[in-house]
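**Student:** You'll find coords_17.tsv just under this line, and it carries TSV, C-alpha atoms.
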chain	number	residue	atom	x	y	z
A	1	MET	CA	0.00	0.00	0.00
A	2	PRO	CA	1.88	3.02	-1.16
A	3	ILE	CA	1.79	6.08	1.03
A	4	ALA	CA	-0.55	8.50	-0.71
A	5	LEU	CA	0.17	11.38	1.68
A	6	VAL	CA	1.87	12.11	4.98
A	7	ARG	CA	0.09	15.07	6.59
A	8	ILE	CA	0.78	16.99	9.77
A	9	ASP	CA	-2.50	18.29	11.16
A	10	ASP	CA	-3.11	18.71	14.87
A	11	ARG	CA	-6.83	18.01	14.36
A	12	LEU	CA	-6.07	14.58	12.85
A	13	VAL	CA	-9.25	13.17	11.23
A	14	HIS	CA	-11.70	16.02	10.60
A	15	GLY	CA	-13.89	17.41	7.84
A	16	GLN	CA	-11.10	18.93	5.75
A	17	VAL	CA	-9.23	15.63	5.68
A	18	VAL	CA	-12.35	13.57	4.97
A	19	GLU	CA	-13.88	15.88	2.35
A	20	SER	CA	-10.72	17.15	0.62
A	21	TRP	CA	-7.59	15.10	1.20
A	22	ILE	CA	-8.95	11.54	1.17
A	23	PRO	CA	-10.67	11.92	-2.23
A	24	TYR	CA	-7.77	13.94	-3.65
A	25	VAL	CA	-5.14	11.29	-2.86
A	26	ARG	CA	-7.61	8.41	-3.34
A	27	ALA	CA	-6.75	6.93	0.07
A	28	ASP	CA	-8.63	3.89	1.27
A	29	ARG	CA	-6.88	3.54	4.61
A	30	VAL	CA	-5.84	6.05	7.27
A	31	ALA	CA	-3.06	5.64	9.83
A	32	VAL	CA	-2.96	8.12	12.71
A	33	VAL	CA	0.39	8.38	14.46
A	34	SER	CA	-0.22	9.80	17.92
A	35	ASP	CA	0.59	8.49	21.38
A	36	ALA	CA	-2.32	10.46	22.87
A	37	ALA	CA	-4.87	9.17	20.33
A	38	ALA	CA	-3.55	5.60	20.67
A	39	LYS	CA	-4.48	5.74	24.37
A	40	ASP	CA	-7.91	7.35	23.85
A	41	ALA	CA	-10.64	4.91	22.80
A	42	THR	CA	-13.24	7.69	22.56
A	43	GLN	CA	-11.11	9.74	20.17
A	44	GLN	CA	-10.49	6.62	18.07
A	45	MET	CA	-14.22	5.92	17.86
A	46	LEU	CA	-14.96	9.51	16.83
A	47	MET	CA	-12.28	9.44	14.13
A	48	GLN	CA	-13.66	6.15	12.74
A	49	LEU	CA	-17.17	7.62	12.69
A	50	ALA	CA	-15.91	10.64	10.72
A	51	LEU	CA	-14.47	8.43	7.97
A	52	PRO	CA	-16.47	6.93	5.11
A	53	GLU	CA	-17.71	3.43	5.97
A	54	HIS	CA	-15.40	1.70	3.47
A	55	MET	CA	-12.23	3.18	5.02
A	56	SER	CA	-10.16	1.49	7.66
A	57	LEU	CA	-8.42	3.39	10.45
A	58	GLU	CA	-5.34	2.43	12.38
A	59	VAL	CA	-4.39	4.53	15.40
A	60	LEU	CA	-0.81	3.85	16.34
A	61	SER	CA	1.66	4.94	18.94
A	62	VAL	CA	4.82	6.61	17.67
A	63	GLU	CA	6.70	3.42	18.57
A	64	GLU	CA	4.35	1.13	16.60
A	65	ALA	CA	3.94	3.33	13.53
A	66	PRO	CA	7.21	2.77	11.60
A	67	ALA	CA	6.73	-1.01	11.47
A	68	PHE	CA	3.08	-0.61	10.44
A	69	VAL	CA	3.94	1.85	7.65
A	70	ALA	CA	6.75	-0.40	6.39
A	71	ALA	CA	4.47	-3.45	6.37
A	72	ALA	CA	1.64	-1.52	4.67
A	73	GLU	CA	3.87	-0.69	1.70
A	74	SER	CA	3.51	-4.27	0.42
A	75	GLU	CA	-0.31	-4.25	0.65
A	76	ALA	CA	-2.82	-3.12	-1.96
A	77	GLY	CA	-4.45	0.30	-1.64
A	78	ARG	CA	-3.36	3.82	-0.73
A	79	LEU	CA	-2.45	4.96	2.79
A	80	LEU	CA	-2.95	8.43	4.26
A	81	VAL	CA	-0.71	9.00	7.29
A	82	LEU	CA	-1.81	11.69	9.75
A	83	ALA	CA	0.29	13.02	12.62
A	84	PRO	CA	-0.47	15.84	15.06
A	85	GLY	CA	2.99	17.37	14.75
A	86	PRO	CA	6.45	17.22	13.17
A	87	VAL	CA	7.95	15.28	16.08
A	88	GLU	CA	5.82	12.24	15.23
A	89	VAL	CA	6.75	12.45	11.55
A	90	LEU	CA	10.43	12.67	12.42
A	91	ALA	CA	10.03	9.57	14.61
A	92	LEU	CA	8.52	7.74	11.62
A	93	LEU	CA	11.56	8.61	9.52
A	94	ARG	CA	13.98	7.67	12.29
A	95	GLY	CA	12.11	4.36	12.61
A	96	GLY	CA	12.75	3.52	8.97
A	97	ALA	CA	9.64	4.81	7.16
A	98	ARG	CA	10.41	6.30	3.76
A	99	PHE	CA	8.53	9.06	1.96
A	100	GLY	CA	9.57	12.03	-0.16
A	101	ALA	CA	7.28	14.78	1.10
A	102	VAL	CA	5.28	15.88	4.12
A	103	ASN	CA	2.18	18.01	3.82
A	104	VAL	CA	2.29	20.51	6.67
A	105	GLY	CA	-1.33	21.46	7.26
A	106	GLY	CA	-2.91	22.66	10.45
A	107	LEU	CA	-0.57	23.48	13.29
A	108	HIS	CA	-2.78	25.89	15.15
A	109	TYR	CA	-1.96	28.63	17.61
A	110	SER	CA	-1.31	27.93	21.26
A	111	ALA	CA	0.85	29.72	23.83
A	112	GLY	CA	4.51	29.76	22.87
A	113	ARG	CA	3.96	29.19	19.16
A	114	VAL	CA	4.96	31.63	16.43
A	115	GLN	CA	3.19	31.92	13.07
A	116	VAL	CA	5.25	31.00	10.00
A	117	GLY	CA	2.40	30.28	7.57
A	118	ARG	CA	-1.34	30.77	7.17
A	119	VAL	CA	-2.28	28.06	9.68
A	120	ILE	CA	1.20	27.02	10.71
A	121	TYR	CA	2.32	28.00	14.19
A	122	LEU	CA	5.52	26.45	15.53
A	123	CYS	CA	7.24	26.05	18.85
A	124	GLU	CA	10.99	25.51	18.91
A	125	ALA	CA	10.65	21.68	19.11
A	126	ASP	CA	8.41	21.70	16.00
A	127	ARG	CA	10.90	23.90	14.16
A	128	ARG	CA	13.85	21.63	15.02
A	129	ALA	CA	11.89	18.53	13.95
A	130	LEU	CA	10.91	20.14	10.62
A	131	GLU	CA	14.51	21.21	9.99
A	132	GLU	CA	15.70	17.65	10.65
A	133	ILE	CA	12.99	16.21	8.38
A	134	SER	CA	14.15	18.59	5.65
A	135	ALA	CA	17.80	17.65	6.27
A	136	LEU	CA	16.82	14.02	5.60
A	137	GLY	CA	15.82	15.08	2.09
A	138	VAL	CA	12.05	15.16	2.66
A	139	ARG	CA	10.17	18.08	1.07
A	140	LEU	CA	8.04	20.17	3.43
A	141	GLU	CA	4.94	21.37	1.61
A	142	GLY	CA	2.49	23.74	3.29
A	143	GLN	CA	-1.01	23.28	1.95
A	144	ALA	CA	-4.29	23.49	3.87
A	145	VAL	CA	-6.41	21.94	1.11
A	146	PRO	CA	-5.53	20.44	-2.29
A	147	ALA	CA	-6.77	23.54	-4.16
A	148	ASP	CA	-4.24	25.77	-2.35
A	149	ALA	CA	-0.84	26.43	-3.87
A	150	LYS	CA	1.96	24.54	-2.13
A	151	MET	CA	4.21	26.65	0.08
A	152	ASP	CA	7.86	25.78	0.60
A	153	ILE	CA	7.96	25.37	4.38
A	154	GLY	CA	11.74	25.02	4.30
A	155	ALA	CA	11.98	28.56	2.90
A	156	LEU	CA	9.53	29.83	5.54
A	157	LEU	CA	11.69	28.29	8.26
A	158	ARG	CA	14.78	30.00	6.94
A	159	GLU	CA	12.98	33.36	6.78
A	160	SER	CA	11.44	33.23	10.26
A	161	ARG	CA	12.71	32.76	13.76
A	162	VAL	CA	10.81	31.03	16.55
A	163	GLY	CA	11.24	31.92	20.16
As a first step, turn the structure in this file into structure tokens.

**Tutor:**
Amino acid sequence: MPIALVRIDDRLVHGQVVESWIPYVRADRVAVVSDAAAKDATQQMLMQLALPEHMSLEVLSVEEAPAFVAAAESEAGRLLVLAPGPVEVLALLRGGARFGAVNVGGLHYSAGRVQVGRVIYLCEADRRALEEISALGVRLEGQAVPADAKMDIGALLRESRVG
């Protein structure tokens, strides 16, 4: 199952993902990489309810995710990987997962975060993780929905300072 998209979005499975991204990338399976969600049965149930009936959902801890993604590559279908932040995506890469680009979507404002894109607010840990992801040769593409132009998040990082 090739990876159709790796997306960072702190809301995980929500309307924008279901209505825009899933049809756009023709995904038939979703993997959420989040320690918090992996421990929260209610959140898992709500995410499954938000997805079309034919779609399967896997909610994985950061530790479990690299092996799952690697195993899924040999299966039929298209996988959408969702993570709440760059740290989880970096852990995937460190764990052996391979992909060429990361869609940086919704990283919303909270205390201590600085805006670097339309809906991209970063703390220093996020910034460091994104810089390391980029250093591994993975493109960082900012795009809220498929109809939006892709932004070069690497360039935004170089132009802005967090903290």

**Student:** Measuring atom to atom with all atoms listed in the file, identify which of A:Leu49, A:Val32, A:Leu79, A:Val145 is nearest to Asp10 in chain A.

**Tutor:** A:Val32

**Student:** Can you list every residue of range 13-94 of chain A that has an atom at most 12 Å from range 108-126 of chain A, with its nearest atom pair and the distance in Å to one decimal, using all atoms listed in the file, ordered by chain then number, as a tab-separated table?

**Tutor:**
residue	atom	partner	partner_atom	distance
A:Pro84	CA	A:His108	CA	10.3
A:Gly85	CA	A:Asp126	CA	7.0
A:Pro86	CA	A:Asp126	CA	5.6
A:Val87	CA	A:Asp126	CA	6.4
A:Glu88	CA	A:Asp126	CA	9.8
A:Val89	CA	A:Asp126	CA	10.4
A:Leu90	CA	A:Asp126	CA	9.9

**Student:** Separation of CA of Ala91 in chain A and CA of Gly77 in chain A, in Å?

**Tutor:**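 Between CA of Ala91 in chain A and CA of Gly77 in chain A the gap is 23.7 Å.
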
**Student:** Contacts of Pro66 in chain A at 10 Å or less, counting all atoms listed in the file, minus same-chain residues fewer than 5 places along, as a list in words?

**Tutor:**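 The residues satisfying every condition are Val33, Leu60, Ser61, Ala71, Ala72, Val89, Ala91, Leu92, Leu93, Arg94, Gly95, Gly96, Ala97 and Arg98 of chain A.
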
**Student:** For those residues, write C-alpha atoms to a file as an mmCIF file, keeping the file's coordinate frame.

**Tutor:**
data_model
loop_
_atom_site.group_PDB
_atom_site.id
_atom_site.type_symbol
_atom_site.label_atom_id
_atom_site.label_comp_id
_atom_site.auth_asym_id
_atom_site.auth_seq_id
_atom_site.Cartn_x
_atom_site.Cartn_y
_atom_site.Cartn_z
ATOM 1 C CA VAL A 33 0.390 8.380 14.460
ATOM 2 C CA LEU A 60 -0.810 3.850 16.340
ATOM 3 C CA SER A 61 1.660 4.940 18.940
ATOM 4 C CA ALA A 71 4.470 -3.450 6.370
ATOM 5 C CA ALA A 72 1.640 -1.520 4.670
ATOM 6 C CA VAL A 89 6.750 12.450 11.550
ATOM 7 C CA ALA A 91 10.030 9.570 14.610
ATOM 8 C CA LEU A 92 8.520 7.740 11.620
ATOM 9 C CA LEU A 93 11.560 8.610 9.520
ATOM 10 C CA ARG A 94 13.980 7.670 12.290
ATOM 11 C CA GLY A 95 12.110 4.360 12.610
ATOM 12 C CA GLY A 96 12.750 3.520 8.970
ATOM 13 C CA ALA A 97 9.640 4.810 7.160
ATOM 14 C CA ARG A 98 10.410 6.300 3.760
#

**Student:** Rounded to one decimal place, report the CA of Leu5 in chain A-CA of Glu64 in chain A distance in Å.

**Tutor:** 18.6 Å

**Student:** Mind pulling up the distance from CA of Glu73 in chain A to CA of Arg11 in chain A?

**Tutor:** 25.0 Å
